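Text of upload25.cif, listed as mmCIF, C-alpha atoms:
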data_query
loop_
_atom_site.label_atom_id
_atom_site.label_comp_id
_atom_site.auth_asym_id
_atom_site.auth_seq_id
_atom_site.Cartn_x
_atom_site.Cartn_y
_atom_site.Cartn_z
CA MET M 295 66.75 -39.97 3.00
CA HIS M 296 67.47 -36.25 3.19
CA LEU M 297 70.81 -36.99 4.78
CA ARG M 298 71.57 -39.54 2.14
CA SER M 299 70.96 -37.25 -0.78
CA ARG M 300 73.04 -34.53 0.83
CA ARG M 301 75.90 -36.95 1.14
CA ILE M 302 75.57 -38.02 -2.44
CA LEU M 303 75.73 -34.34 -3.38
CA ILE M 304 78.95 -33.97 -1.44
CA ALA M 305 80.30 -37.07 -3.11
CA ALA M 306 79.31 -35.70 -6.49
CA SER M 307 81.12 -32.43 -5.89
CA VAL M 308 84.23 -34.27 -4.73
CA PHE M 309 84.00 -36.28 -7.91
CA ALA M 310 83.60 -33.20 -10.10
CA LEU M 311 86.63 -31.61 -8.46
CA MET M 312 88.65 -34.68 -9.04
CA SER M 313 87.77 -35.25 -12.63
CA SER M 314 88.51 -31.66 -13.56
CA ALA M 315 91.94 -32.09 -12.04
CA THR M 316 92.79 -35.18 -14.05
CA ALA M 317 94.40 -35.08 -17.46
CA TYR M 318 91.90 -37.60 -18.73
CA ALA M 319 88.30 -36.55 -18.85
CA ASP M 320 87.52 -36.22 -22.50
CA PRO M 321 88.59 -37.26 -25.94
CA VAL M 322 91.62 -35.29 -27.10
CA GLU M 323 90.74 -31.96 -28.67
CA GLY M 324 92.10 -30.33 -31.77
CA PHE M 325 93.40 -33.57 -33.25
CA GLU M 326 92.90 -34.29 -36.93
CA LEU M 327 93.43 -37.76 -38.29
CA VAL M 328 95.12 -37.18 -41.64
CA VAL M 329 96.46 -40.41 -43.04
CA ASN M 330 99.58 -40.31 -45.20
CA GLY M 331 99.30 -36.54 -45.29
CA GLU M 332 96.40 -36.73 -47.71
CA MET M 333 93.26 -38.39 -46.39
CA THR M 334 91.34 -36.70 -43.58
CA LEU M 335 89.16 -39.09 -41.61
CA VAL M 336 86.14 -38.21 -39.50
CA THR M 337 86.87 -39.03 -35.85
CA GLU M 338 84.04 -36.99 -34.32
CA ALA M 339 80.49 -36.69 -35.59
CA PRO M 340 77.02 -35.72 -34.36
CA ALA M 341 75.25 -38.78 -32.99
CA SER M 342 72.58 -40.30 -35.19
CA ALA M 343 68.89 -39.97 -34.30
CA ASN M 344 68.96 -43.50 -32.87
CA LEU M 345 71.16 -42.27 -30.05
CA GLU M 346 68.89 -39.44 -28.98
CA GLY M 347 69.16 -38.99 -25.23
CA ALA M 348 72.18 -41.28 -24.98
CA LEU M 349 74.99 -39.44 -26.77
CA ASP M 350 75.29 -36.09 -28.56
CA THR M 351 78.59 -36.73 -30.27
CA VAL M 352 80.31 -39.91 -31.31
CA TYR M 353 84.08 -40.25 -31.17
CA SER M 354 86.58 -42.65 -32.62
CA GLY M 355 88.42 -44.69 -29.99
CA LEU M 356 91.63 -43.16 -31.36
CA LEU M 357 90.82 -39.86 -29.62
CA PHE M 358 91.21 -41.61 -26.28
CA ARG M 359 94.66 -42.96 -27.01
CA GLU M 360 98.04 -41.36 -26.27
CA SER M 361 99.65 -39.12 -28.86
CA GLU M 362 102.29 -41.74 -29.80
CA THR M 363 99.54 -44.24 -30.59
CA ARG M 364 97.60 -41.67 -32.58
CA GLU M 365 100.67 -40.77 -34.61
CA MET M 366 101.23 -44.38 -35.58
CA GLU M 367 97.88 -44.43 -37.30
CA MET M 368 98.66 -41.28 -39.30
CA ASP M 369 101.10 -42.95 -41.64
CA ASP M 370 100.99 -46.36 -43.26
CA PHE M 371 104.73 -46.78 -42.73
CA SER M 372 104.37 -46.36 -38.99
CA ASN M 373 101.07 -48.26 -38.67
CA PRO M 374 102.11 -51.74 -37.49
CA GLY M 375 98.83 -53.16 -38.81
CA MET M 376 99.79 -52.49 -42.43
CA VAL M 377 102.17 -55.48 -42.52
CA PHE M 378 99.12 -57.69 -42.06
CA VAL M 379 97.23 -55.79 -44.73
CA ASP M 380 100.00 -56.76 -47.18
CA GLN M 381 99.58 -60.38 -46.11
CA GLY M 382 95.85 -60.00 -46.61
CA LEU M 383 96.39 -58.73 -50.17
CA ASP M 384 98.59 -61.75 -50.89
CA LEU M 385 95.81 -64.02 -49.67
CA TRP M 386 93.31 -62.04 -51.75
CA ASN M 387 95.24 -62.94 -54.88
CA LYS M 388 96.13 -66.49 -53.87
CA VAL M 389 94.33 -69.41 -55.47
CA ASP M 390 92.96 -71.74 -52.83
CA GLY M 391 90.50 -74.66 -52.80
CA THR M 392 89.31 -77.21 -55.34
CA ASP M 393 87.88 -74.70 -57.83
CA GLY M 394 91.21 -73.05 -58.59
CA LYS M 395 90.04 -69.58 -57.63
CA SER M 396 91.21 -66.68 -55.53
CA CYS M 397 89.13 -63.79 -54.16
CA ALA M 398 90.49 -61.73 -57.09
CA SER M 399 89.06 -64.25 -59.60
CA CYS M 400 85.56 -62.99 -58.79
CA HIS M 401 86.13 -59.54 -57.27
CA ASP M 402 89.17 -58.26 -59.23
CA ASP M 403 90.85 -55.53 -57.27
CA VAL M 404 90.11 -55.31 -53.53
CA GLU M 405 89.03 -51.71 -54.21
CA SER M 406 85.88 -53.16 -55.74
CA LEU M 407 84.75 -53.87 -52.16
CA LYS M 408 85.44 -50.38 -50.85
CA GLU M 409 81.88 -49.87 -49.69
CA THR M 410 81.73 -53.20 -47.87
CA ARG M 411 83.26 -52.41 -44.51
CA ALA M 412 81.13 -49.35 -43.79
CA ALA M 413 77.94 -51.37 -44.36
CA MET M 414 78.80 -54.35 -42.15
CA PRO M 415 77.25 -56.37 -40.74
CA LYS M 416 74.34 -56.82 -43.14
CA MET M 417 71.61 -59.28 -44.07
CA ASN M 418 72.82 -62.24 -46.14
CA PRO M 419 71.81 -62.76 -49.79
CA THR M 420 68.83 -64.92 -48.82
CA GLY M 421 67.74 -62.35 -46.26
CA ASP M 422 67.34 -64.77 -43.37
CA ASP M 423 70.52 -64.15 -41.37
CA LEU M 424 72.73 -61.25 -40.37
CA TRP M 425 76.28 -61.72 -41.60
CA SER M 426 79.53 -60.12 -40.54
CA MET M 427 82.31 -59.68 -43.09
CA GLU M 428 83.83 -62.93 -41.79
CA ASN M 429 80.64 -64.80 -42.77
CA TYR M 430 80.71 -63.37 -46.28
CA ILE M 431 84.35 -64.34 -46.69
CA ASN M 432 83.77 -67.88 -45.48
CA ASN M 433 80.70 -68.19 -47.69
CA CYS M 434 82.86 -67.33 -50.72
CA ARG M 435 85.53 -69.75 -49.61
CA THR M 436 83.25 -72.72 -49.01
CA THR M 437 80.60 -72.30 -51.72
CA LYS M 438 82.57 -70.58 -54.52
CA MET M 439 86.18 -71.63 -54.09
CA GLY M 440 85.88 -75.11 -52.64
CA ALA M 441 88.18 -73.95 -49.86
CA GLU M 442 87.96 -74.45 -46.12
CA ALA M 443 86.39 -71.85 -43.88
CA TRP M 444 88.82 -69.78 -41.86
CA LYS M 445 88.46 -69.48 -38.11
CA TRP M 446 86.81 -66.21 -37.06
CA SER M 447 89.91 -64.56 -35.59
CA SER M 448 92.60 -66.49 -37.48
CA ASP M 449 95.54 -64.53 -38.93
CA GLN M 450 94.23 -65.16 -42.46
CA MET M 451 90.77 -63.89 -41.61
CA THR M 452 91.89 -60.74 -39.81
CA SER M 453 94.42 -59.86 -42.49
CA VAL M 454 91.88 -60.23 -45.30
CA THR M 455 89.19 -58.27 -43.41
CA ALA M 456 91.91 -55.64 -42.79
CA ALA M 457 92.77 -55.45 -46.50
CA ILE M 458 89.09 -54.95 -47.35
CA SER M 459 88.75 -52.37 -44.56
CA VAL M 460 91.75 -50.38 -45.81
CA ALA M 461 90.15 -50.38 -49.26
CA GLY M 462 87.13 -48.82 -47.54
CA ARG M 463 89.13 -46.31 -45.53
CA GLY M 464 87.36 -42.96 -45.36
CA GLU M 465 83.94 -44.40 -46.17
CA VAL M 466 81.35 -43.34 -43.63
CA VAL M 467 80.02 -46.04 -41.30
CA ASN M 468 76.35 -46.50 -42.11
CA PRO M 469 74.98 -50.02 -41.63
CA LYS M 470 71.41 -50.73 -42.66
CA VAL M 471 69.25 -51.11 -39.56
CA ASP M 472 65.76 -51.25 -41.03
CA GLY M 473 63.85 -53.99 -42.83
CA ALA M 474 64.96 -57.50 -41.91
CA ALA M 475 67.91 -56.07 -39.97
CA ALA M 476 65.61 -54.27 -37.53
CA GLU M 477 65.06 -57.21 -35.23
CA TRP M 478 68.80 -57.90 -35.10
CA TRP M 479 69.39 -54.27 -34.20
CA GLU M 480 66.81 -54.49 -31.39
CA LYS M 481 68.47 -57.63 -30.07
CA GLY M 482 71.85 -55.92 -30.22
CA LYS M 483 70.53 -52.94 -28.35
CA GLU M 484 69.12 -55.16 -25.63
CA LEU M 485 72.50 -56.86 -25.24
CA TYR M 486 74.27 -53.49 -25.14
CA TYR M 487 72.27 -52.47 -22.09
CA THR M 488 72.34 -55.84 -20.29
CA ARG M 489 74.47 -55.92 -17.18
CA PHE M 490 76.52 -59.09 -17.49
CA GLY M 491 78.60 -61.14 -15.11
CA GLN M 492 79.48 -60.91 -11.47
CA LEU M 493 80.48 -57.26 -11.90
CA GLU M 494 77.06 -56.54 -13.45
CA LEU M 495 78.39 -54.15 -16.06
CA SER M 496 76.82 -53.44 -19.44
CA CYS M 497 78.56 -52.04 -22.50
CA ALA M 498 76.70 -48.80 -21.74
CA ASN M 499 77.99 -48.64 -18.16
CA CYS M 500 81.54 -48.34 -19.45
CA HIS M 501 81.25 -46.89 -22.96
CA GLU M 502 78.21 -44.63 -22.71
CA GLN M 503 78.17 -43.51 -19.06
CA ASN M 504 81.89 -43.45 -18.44
CA TYR M 505 83.77 -42.77 -21.65
CA GLY M 506 86.54 -40.32 -20.92
CA ASN M 507 87.02 -41.74 -17.42
CA MET M 508 89.79 -44.01 -16.26
CA ILE M 509 89.08 -47.56 -15.17
CA ARG M 510 92.39 -48.43 -13.57
CA ALA M 511 94.99 -47.89 -16.33
CA ASP M 512 92.46 -47.80 -19.15
CA HIS M 513 91.08 -44.59 -20.61
CA LEU M 514 87.55 -45.54 -21.60
CA SER M 515 86.39 -44.72 -25.13
CA GLN M 516 82.90 -45.05 -26.54
CA GLY M 517 83.75 -48.58 -27.67
CA GLN M 518 83.24 -47.83 -31.36
CA THR M 519 84.12 -50.37 -34.04
CA ASN M 520 85.12 -48.08 -36.93
CA GLY M 521 88.83 -48.78 -36.34
CA PHE M 522 88.49 -52.55 -36.69
CA PRO M 523 90.12 -54.88 -37.29
CA ALA M 524 92.48 -53.00 -35.02
CA TYR M 525 96.15 -53.51 -34.35
CA ARG M 526 96.64 -53.67 -30.59
CA LEU M 527 100.01 -52.83 -29.11
CA LYS M 528 99.06 -55.12 -26.24
CA ASN M 529 99.12 -58.32 -28.29
CA ALA M 530 100.94 -57.05 -31.41
CA LYS M 531 98.40 -58.38 -33.87
CA LEU M 532 95.14 -57.57 -35.58
CA ASN M 533 92.04 -58.05 -33.46
CA SER M 534 88.58 -58.75 -34.78
CA ILE M 535 85.50 -56.95 -33.51
CA HIS M 536 84.12 -60.11 -31.93
CA ASN M 537 87.40 -60.81 -30.21
CA ARG M 538 87.24 -57.35 -28.62
CA PHE M 539 83.62 -57.93 -27.54
CA LYS M 540 84.61 -61.27 -26.05
CA GLY M 541 87.31 -59.62 -23.96
CA CYS M 542 84.98 -56.91 -22.71
CA VAL M 543 82.27 -59.38 -21.67
CA ARG M 544 84.86 -61.65 -20.02
CA ASP M 545 86.09 -58.66 -18.02
CA THR M 546 82.70 -58.38 -16.34
CA ARG M 547 83.35 -61.86 -14.87
CA ALA M 548 80.73 -63.28 -17.20
CA GLU M 549 80.44 -66.35 -19.35
CA THR M 550 81.16 -64.66 -22.64
CA PHE M 551 79.59 -65.28 -26.07
CA GLY M 552 81.42 -67.00 -28.90
CA GLU M 553 83.02 -65.17 -31.84
CA GLY M 554 80.56 -65.39 -34.72
CA SER M 555 77.61 -66.11 -32.40
CA ALA M 556 74.21 -64.64 -33.26
CA GLU M 557 74.53 -62.49 -30.13
CA PHE M 558 77.80 -60.91 -31.20
CA ARG M 559 76.58 -60.35 -34.78
CA ALA M 560 73.51 -58.57 -33.41
CA LEU M 561 75.70 -56.56 -31.05
CA GLU M 562 78.08 -55.76 -33.92
CA LEU M 563 75.20 -54.24 -35.89
CA TYR M 564 73.98 -52.20 -32.97
CA VAL M 565 77.46 -50.94 -32.03
CA ALA M 566 78.26 -50.15 -35.68
CA SER M 567 75.05 -48.11 -35.89
CA ARG M 568 76.14 -46.14 -32.82
CA GLY M 569 79.25 -45.18 -34.79
CA ALA M 570 77.32 -44.04 -37.86
CA GLY M 571 78.99 -40.94 -39.28
CA LEU M 572 82.55 -41.91 -38.31
CA SER M 573 85.07 -42.92 -40.97
CA VAL M 574 86.23 -46.45 -41.48
CA GLU M 575 89.85 -46.24 -40.32
CA GLY M 576 91.08 -49.34 -42.11
CA VAL M 577 93.39 -50.64 -39.47
CA GLY M 578 93.14 -48.65 -36.29
CA VAL M 579 96.03 -48.65 -33.82
CA ARG M 580 95.00 -49.14 -30.22
CA ASN M 581 96.51 -50.11 -26.86
CA MET C 145 107.81 -80.21 15.35
CA LYS C 146 105.22 -82.92 15.12
CA SER C 147 102.79 -81.25 17.50
CA GLN C 148 103.34 -77.93 15.76
CA LEU C 149 102.30 -79.55 12.49
CA LYS C 150 99.22 -81.01 14.14
CA LEU C 151 98.34 -77.63 15.51
CA ALA C 152 98.75 -76.07 12.09
CA ILE C 153 96.46 -78.65 10.54
CA ALA C 154 93.90 -78.15 13.26
CA LEU C 155 94.03 -74.39 12.78
CA ALA C 156 93.67 -74.70 9.02
CA ALA C 157 90.63 -76.95 9.43
CA PHE C 158 89.15 -74.46 11.87
CA ALA C 159 89.75 -71.56 9.49
CA ALA C 160 88.14 -73.43 6.61
CA GLN C 161 84.92 -73.84 8.55
CA PRO C 162 82.48 -70.96 8.35
CA SER C 163 82.28 -69.39 11.74
CA PHE C 164 78.77 -70.01 13.06
CA ALA C 165 78.16 -66.31 13.39
CA GLU C 166 78.86 -65.57 9.72
CA VAL C 167 76.08 -63.77 7.86
CA THR C 168 75.79 -65.32 4.41
CA PRO C 169 75.13 -63.03 1.40
CA ASN C 170 71.41 -63.81 1.21
CA MET C 171 70.97 -63.12 4.94
CA VAL C 172 72.34 -59.57 4.93
CA ALA C 173 69.76 -57.17 6.38
CA PHE C 174 69.73 -53.78 4.65
CA ALA C 175 67.97 -50.75 6.10
CA ASP C 176 68.07 -47.70 3.85
CA GLY C 177 71.11 -49.18 2.11
CA ALA C 178 73.00 -49.65 5.39
CA VAL C 179 73.87 -52.86 7.24
CA ALA C 180 74.21 -52.52 11.00
CA GLN C 181 75.32 -56.05 11.86
CA SER C 182 78.86 -57.24 11.19
CA HIS C 183 79.03 -60.13 8.70
CA THR C 184 81.40 -62.05 10.98
CA GLY C 185 81.38 -60.60 14.48
CA VAL C 186 85.16 -60.32 14.15
CA ALA C 187 86.49 -56.75 14.05
CA GLY C 188 87.82 -55.77 10.63
CA ASN C 189 91.55 -55.34 10.09
CA ALA C 190 92.22 -52.02 8.34
CA ALA C 191 95.64 -53.04 6.97
CA ASP C 192 94.15 -56.13 5.35
CA GLY C 193 91.32 -53.96 4.04
CA ALA C 194 93.78 -51.62 2.34
CA LYS C 195 95.23 -54.64 0.56
CA VAL C 196 91.78 -55.81 -0.56
CA ALA C 197 91.02 -52.32 -1.90
CA SER C 198 94.19 -52.07 -3.95
CA THR C 199 94.67 -55.64 -5.19
CA ARG C 200 93.37 -56.46 -8.63
CA SER C 201 92.30 -60.01 -7.79
CA MET C 202 90.44 -58.89 -4.65
CA GLY C 203 88.33 -55.71 -4.33
CA ASN C 204 90.27 -53.65 -6.88
CA CYS C 205 88.40 -50.59 -5.61
CA VAL C 206 91.13 -48.35 -7.03
CA ALA C 207 90.05 -49.44 -10.52
CA CYS C 208 87.21 -46.95 -10.11
CA HIS C 209 88.14 -44.87 -7.06
CA ALA C 210 91.15 -42.74 -6.23
CA ILE C 211 92.52 -43.18 -2.68
CA ALA C 212 95.26 -40.67 -1.91
CA ALA C 213 96.33 -42.71 1.13
CA LEU C 214 97.37 -45.57 -1.17
CA PRO C 215 100.03 -43.96 -3.40
CA ASP C 216 101.56 -47.36 -4.16
CA ALA C 217 98.42 -48.53 -5.91
CA LYS C 218 99.19 -47.32 -9.44
CA PHE C 219 96.63 -46.18 -12.01
CA GLN C 220 93.73 -45.23 -9.78
CA GLY C 221 90.50 -44.76 -11.69
CA ASN C 222 87.82 -42.06 -11.60
CA VAL C 223 84.63 -43.89 -12.53
CA GLY C 224 83.50 -43.39 -8.93
CA PRO C 225 84.20 -40.53 -6.48
CA ALA C 226 87.53 -40.35 -4.66
CA LEU C 227 87.31 -42.24 -1.36
CA ASP C 228 89.39 -39.70 0.57
CA GLY C 229 87.46 -38.66 3.66
CA VAL C 230 84.82 -41.32 3.13
CA GLY C 231 85.07 -42.38 6.78
CA SER C 232 83.78 -38.95 7.78
CA ARG C 233 80.96 -38.91 5.28
CA TRP C 234 79.47 -42.32 6.02
CA SER C 235 78.89 -44.42 9.13
CA GLU C 236 80.23 -47.94 9.59
CA ALA C 237 76.80 -49.42 8.85
CA GLU C 238 76.43 -47.35 5.69
CA LEU C 239 79.88 -48.31 4.46
CA ARG C 240 79.13 -52.00 5.12
CA GLY C 241 75.98 -51.63 3.06
CA ILE C 242 77.75 -49.83 0.20
CA VAL C 243 80.58 -52.33 -0.03
CA SER C 244 78.28 -55.36 0.33
CA ASN C 245 75.75 -54.24 -2.26
CA ALA C 246 76.05 -50.63 -3.42
CA LYS C 247 72.83 -50.94 -5.43
CA MET C 248 70.88 -50.83 -2.17
CA MET C 249 72.29 -47.35 -1.45
CA PHE C 250 72.72 -45.95 -4.97
CA ASP C 251 69.98 -47.01 -7.31
CA GLY C 252 71.37 -48.41 -10.57
CA THR C 253 74.99 -47.64 -9.71
CA VAL C 254 77.81 -49.11 -11.81
CA MET C 255 79.58 -50.14 -8.60
CA PRO C 256 79.63 -53.96 -8.38
CA SER C 257 78.03 -55.81 -5.47
CA PHE C 258 80.84 -57.43 -3.55
CA TYR C 259 78.80 -59.61 -1.19
CA LYS C 260 76.07 -61.15 -3.26
CA THR C 261 75.61 -64.54 -4.90
CA GLU C 262 72.30 -64.35 -6.75
CA GLY C 263 70.60 -62.48 -9.55
CA TYR C 264 73.38 -62.45 -12.15
CA THR C 265 73.12 -62.65 -15.94
CA ARG C 266 75.62 -65.10 -17.46
CA LEU C 267 77.70 -65.39 -14.33
CA GLY C 268 81.18 -66.62 -15.26
CA ASP C 269 84.10 -68.33 -13.57
CA ALA C 270 86.08 -65.21 -12.48
CA TYR C 271 87.89 -63.72 -15.51
CA THR C 272 88.09 -66.88 -17.60
CA GLY C 273 85.06 -66.06 -19.74
CA LYS C 274 83.81 -69.60 -19.06
CA ALA C 275 80.74 -70.89 -17.29
CA PRO C 276 81.37 -71.66 -13.63
CA LYS C 277 81.78 -75.29 -12.57
CA GLY C 278 80.01 -75.00 -9.26
CA ASP C 279 78.74 -72.34 -6.92
CA VAL C 280 80.48 -69.01 -7.31
CA PRO C 281 81.43 -67.34 -4.03
CA PRO C 282 80.80 -63.61 -3.61
CA ILE C 283 83.62 -61.40 -4.94
CA LEU C 284 84.77 -60.70 -1.38
CA SER C 285 84.45 -62.94 1.68
CA ALA C 286 82.55 -61.84 4.80
CA GLN C 287 85.78 -60.99 6.59
CA GLN C 288 87.21 -59.13 3.59
CA ILE C 289 84.11 -56.93 3.63
CA GLU C 290 84.68 -56.20 7.33
CA ASP C 291 88.35 -55.45 6.63
CA VAL C 292 87.52 -53.01 3.82
CA VAL C 293 84.93 -51.27 6.00
CA ALA C 294 87.51 -50.94 8.78
CA TYR C 295 89.94 -49.46 6.27
CA LEU C 296 87.39 -46.99 4.85
CA LEU C 297 86.68 -45.78 8.39
CA THR C 298 90.34 -44.70 8.66
CA LEU C 299 89.89 -42.35 5.68
CA LYS C 300 88.89 -39.26 7.66
CA GLU C 301 88.56 -35.74 6.32
#
Go through the file and emit its structure as structure tokens.
Amino acid sequence: MHLRSRRILIAASVFALMSSATAYADPVEGFELVVNGEMTLVTEAPASANLEGALDTVYSGLLFRESETREMEMDDFSNPGMVFVDQGLDLWNKVDGTDGKSCASCHDDVESLKETRAAMPKMNPTGDDLWSMENYINNCRTTKMGAEAWKWSSDQMTSVTAAISVAGRGEVVNPKVDGAAAEWWEKGKELYYTRFGQLELSCANCHEQNYGNMIRADHLSQGQTNGFPAYRLKNAKLNSIHNRFKGCVRDTRAETFGEGSAEFRALELYVASRGAGLSVEGVGVRN
Amino acid sequence: MKSQLKLAIALAAFAAQPSFAEVTPNMVAFADGAVAQSHTGVAGNAADGAKVASTRSMGNCVACHAIAALPDAKFQGNVGPALDGVGSRWSEAELRGIVSNAKMMFDGTVMPSFYKTEGYTRLGDAYTGKAPKGDVPPILSAQQIEDVVAYLLTLKE
């Protein structure tokens, strides 16, 4: 036992030596996210009381990306996600379904929803279910427009959620976690700390315990959702929050959850609450 | 030609059969996190072990650990300590225990258990994200564990 702890100490000091030598240990310092030279977004904030003991500071995932990637997000002309935002605005104004309506028929300008993204996910109007933005959009389409529901991560869905998110750019993430949402939040928290799959890794193992470290070629961030839907250079399209969760759970060699599942909506609420205080980035640019 | 083919088939059939000495994952005897007995009784091959450690579809140890002796394995991680000199810090039995099920040595570690088949939550079919169709083998086979241990023992200070 004594021997064992001494060895672990040695291992720990080897580890400390190594991580101080690597270029990647922490989020980048001294970087300000100023979009289009005019809007300064919060990429680093004190952790909310909910995270007491877990994290002191929360960081946008952008601070863990290379400088070229960060620069892309600083200007709408260089942000590859903005093309899809334009497509989303077209869809916003496009009449669809049997009732002859578009989103704009009821909501006017997309700016009218500028507070929406920062508050997602939230309890539905009847207060008996937790809805992501995708659920709200499909509810409008099916019950108010007589249109068909879009698939969770379809191009239409991600481009419209991106347009709404850009309208809410700079708003501070602050989902409601009390009242009826409280039990969803608890469920999400439980999932966040569950070690899934054959690799037995939880979200916390990678994004709370090891953010700043490298897992093979990937520089681990805190796994925040304020940059979503995010444009990923890897697949050159917009990616929904649930699609990202699905990939992370799959990578633990687990049977993943479905996009839109109650589990992922609960997890979305919990993860969003961990990012409280960060700015909505509209469309983030990521690897 | 014909007899060579027969021999090859016979050998393949032999290889496919678990050697009677093989210790299955649920039989592994841990003492203080270490495992004294070989899983196979066949000496590990260090060169094969190096391959297991650096190959993504096998052990992929370099995802979390740096190993200076494997410069060809690109993008080595730092979630765990560097494995340089690990063969001087730990005995063969300890290394076998760590690689088989690191949780027995380091309580609550993030290091996956490479020779274990039970106790998972939502076990999937490798990296497909789907439910498995049948029994899921441990991440590494008994001999791969022995090979990795043999390789780690070559990493002297």
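Take the PyMOL selection byres ((chain M) within 6 of (chain C)) and apply it to this file: it picks Phe309, Phe490, Gly491, Gln492, Leu493, Asn507, Met508, Ile509, Arg510, Ala511, Arg544, Asp545, Arg547, Ala548, Glu549 and Thr550 of chain M.
Counting from CA of Leu407 (chain M), the distance to CA of Val454 (chain M) is 11.8 Å.
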Test item: which residues lie within 10 Å of (82.8, -53.3, 6.0) counting only C-alpha atoms, as a ChimeraX atom specification: /C:179-183,187-190,193,236-244,286-297
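Interatomic distance, CA of Ile535 (chain M) to CA of Gln516 (chain M): 14.0 Å.
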Option closest in space to Ser459 (chain M), from M:Val574, M:Val565, M:Leu527, M:Cys397 [counting only C-alpha atoms]: M:Val574
Explicit residue set for the PyMOL selection byres ((chain M and resi 368) around 9), as a PyMOL selection string: chain M and resi 327-331+364-367+369-373
Residues within 12 Å of Ser406 (chain M), all atoms listed in the file, excluding chain neighbours under 3 positions, as JSON, numbers by chain: {"M": [397, 398, 400, 401, 402, 403, 409, 410, 411, 457, 458, 459, 460, 461, 462]}
Generate a file of the selected residues that holds C-alpha atoms, formatted as a CSV table (one decimal), keeping the file's coordinate frame.
chain,number,residue,atom,x,y,z
M,397,CYS,CA,89.1,-63.8,-54.2
M,398,ALA,CA,90.5,-61.7,-57.1
M,400,CYS,CA,85.6,-63.0,-58.8
M,401,HIS,CA,86.1,-59.5,-57.3
M,402,ASP,CA,89.2,-58.3,-59.2
M,403,ASP,CA,90.8,-55.5,-57.3
M,409,GLU,CA,81.9,-49.9,-49.7
M,410,THR,CA,81.7,-53.2,-47.9
M,411,ARG,CA,83.3,-52.4,-44.5
M,457,ALA,CA,92.8,-55.4,-46.5
M,458,ILE,CA,89.1,-55.0,-47.4
M,459,SER,CA,88.8,-52.4,-44.6
M,460,VAL,CA,91.8,-50.4,-45.8
M,461,ALA,CA,90.2,-50.4,-49.3
M,462,GLY,CA,87.1,-48.8,-47.5
Length of the CA of Leu335 (chain M) to CA of Gly576 (chain M) vector [Å]: 10.4 Å
Chain and number of each residue from the PyMOL selection byres ((chain M and resi 392) around 9), as a PyMOL selection string: chain M and resi 390-391+393-395+439-441
Protein, DNA and RNA residues within 9 Å of (76.9, -49.2, -30.7), all atoms listed in the file, as a count of residues only: 19
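If you measure from each of C:Glu166, C:Lys277, C:Ala191, C:Ala178 to Asn245 (chain C) using all atoms listed in the file, the closest one turns out to be C:Ala178.
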Hey, what's within 10 Å of Lys470 (chain M) if we count all atoms listed in the file and toss same-chain stuff fewer than 3 positions away? As a compact mmCIF listing (two decimals) with C-alpha atoms, keeping the file's coordinate frame, please?
# COMPACT_ATOMS: atom_id res chain seq x y z
CA ALA M 412 81.13 -49.35 -43.79
CA ALA M 413 77.94 -51.37 -44.36
CA MET M 414 78.80 -54.35 -42.15
CA PRO M 415 77.25 -56.37 -40.74
CA LYS M 416 74.34 -56.82 -43.14
CA MET M 417 71.61 -59.28 -44.07
CA VAL M 467 80.02 -46.04 -41.30
CA GLY M 473 63.85 -53.99 -42.83
CA ALA M 474 64.96 -57.50 -41.91
CA ALA M 475 67.91 -56.07 -39.97
CA ALA M 476 65.61 -54.27 -37.53
CA TRP M 479 69.39 -54.27 -34.20
CA LEU M 563 75.20 -54.24 -35.89
CA ALA M 566 78.26 -50.15 -35.68
CA SER M 567 75.05 -48.11 -35.89
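For Ser447 (chain M), the set of protein, DNA and RNA residues having any atom at most 8 Å away, when counting all atoms listed in the file and skipping those fewer than 5 positions along the same chain, is Thr452, Asn533, Ser534, Asn537 and Glu553 of chain M.
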Can you write just those residues out, C-alpha atoms, as a PDB file, in the coordinates of the input?
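Full text of part-v1.pdb as output:
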ATOM      1  CA  THR M 452      91.890 -60.740 -39.810  1.00  0.00           C
ATOM      2  CA  ASN M 533      92.040 -58.050 -33.460  1.00  0.00           C
ATOM      3  CA  SER M 534      88.580 -58.750 -34.780  1.00  0.00           C
ATOM      4  CA  ASN M 537      87.400 -60.810 -30.210  1.00  0.00           C
ATOM      5  CA  GLU M 553      83.020 -65.170 -31.840  1.00  0.00           C
TER       6      GLU M 553
END
Residue nearest Ser453 (chain M) - candidates M:Gln381, M:Asn504, M:Thr420, M:Thr363, atoms counted: only C-alpha atoms: M:Gln381
Centre and edges of the region 211-221 of chain C box, axis-aligned, 3 Å extra per side, as lines of an AutoDock Vina configuration file:
center_x = 96.0
center_y = -44.6
center_z = -5.4
size_x = 17.1
size_y = 13.9
size_z = 19.1
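Using only C-alpha atoms, the smallest distance between any of M:Gly324, M:Val404, M:Val352, M:Asn344 and Asp380 (chain M) comes from M:Val404.
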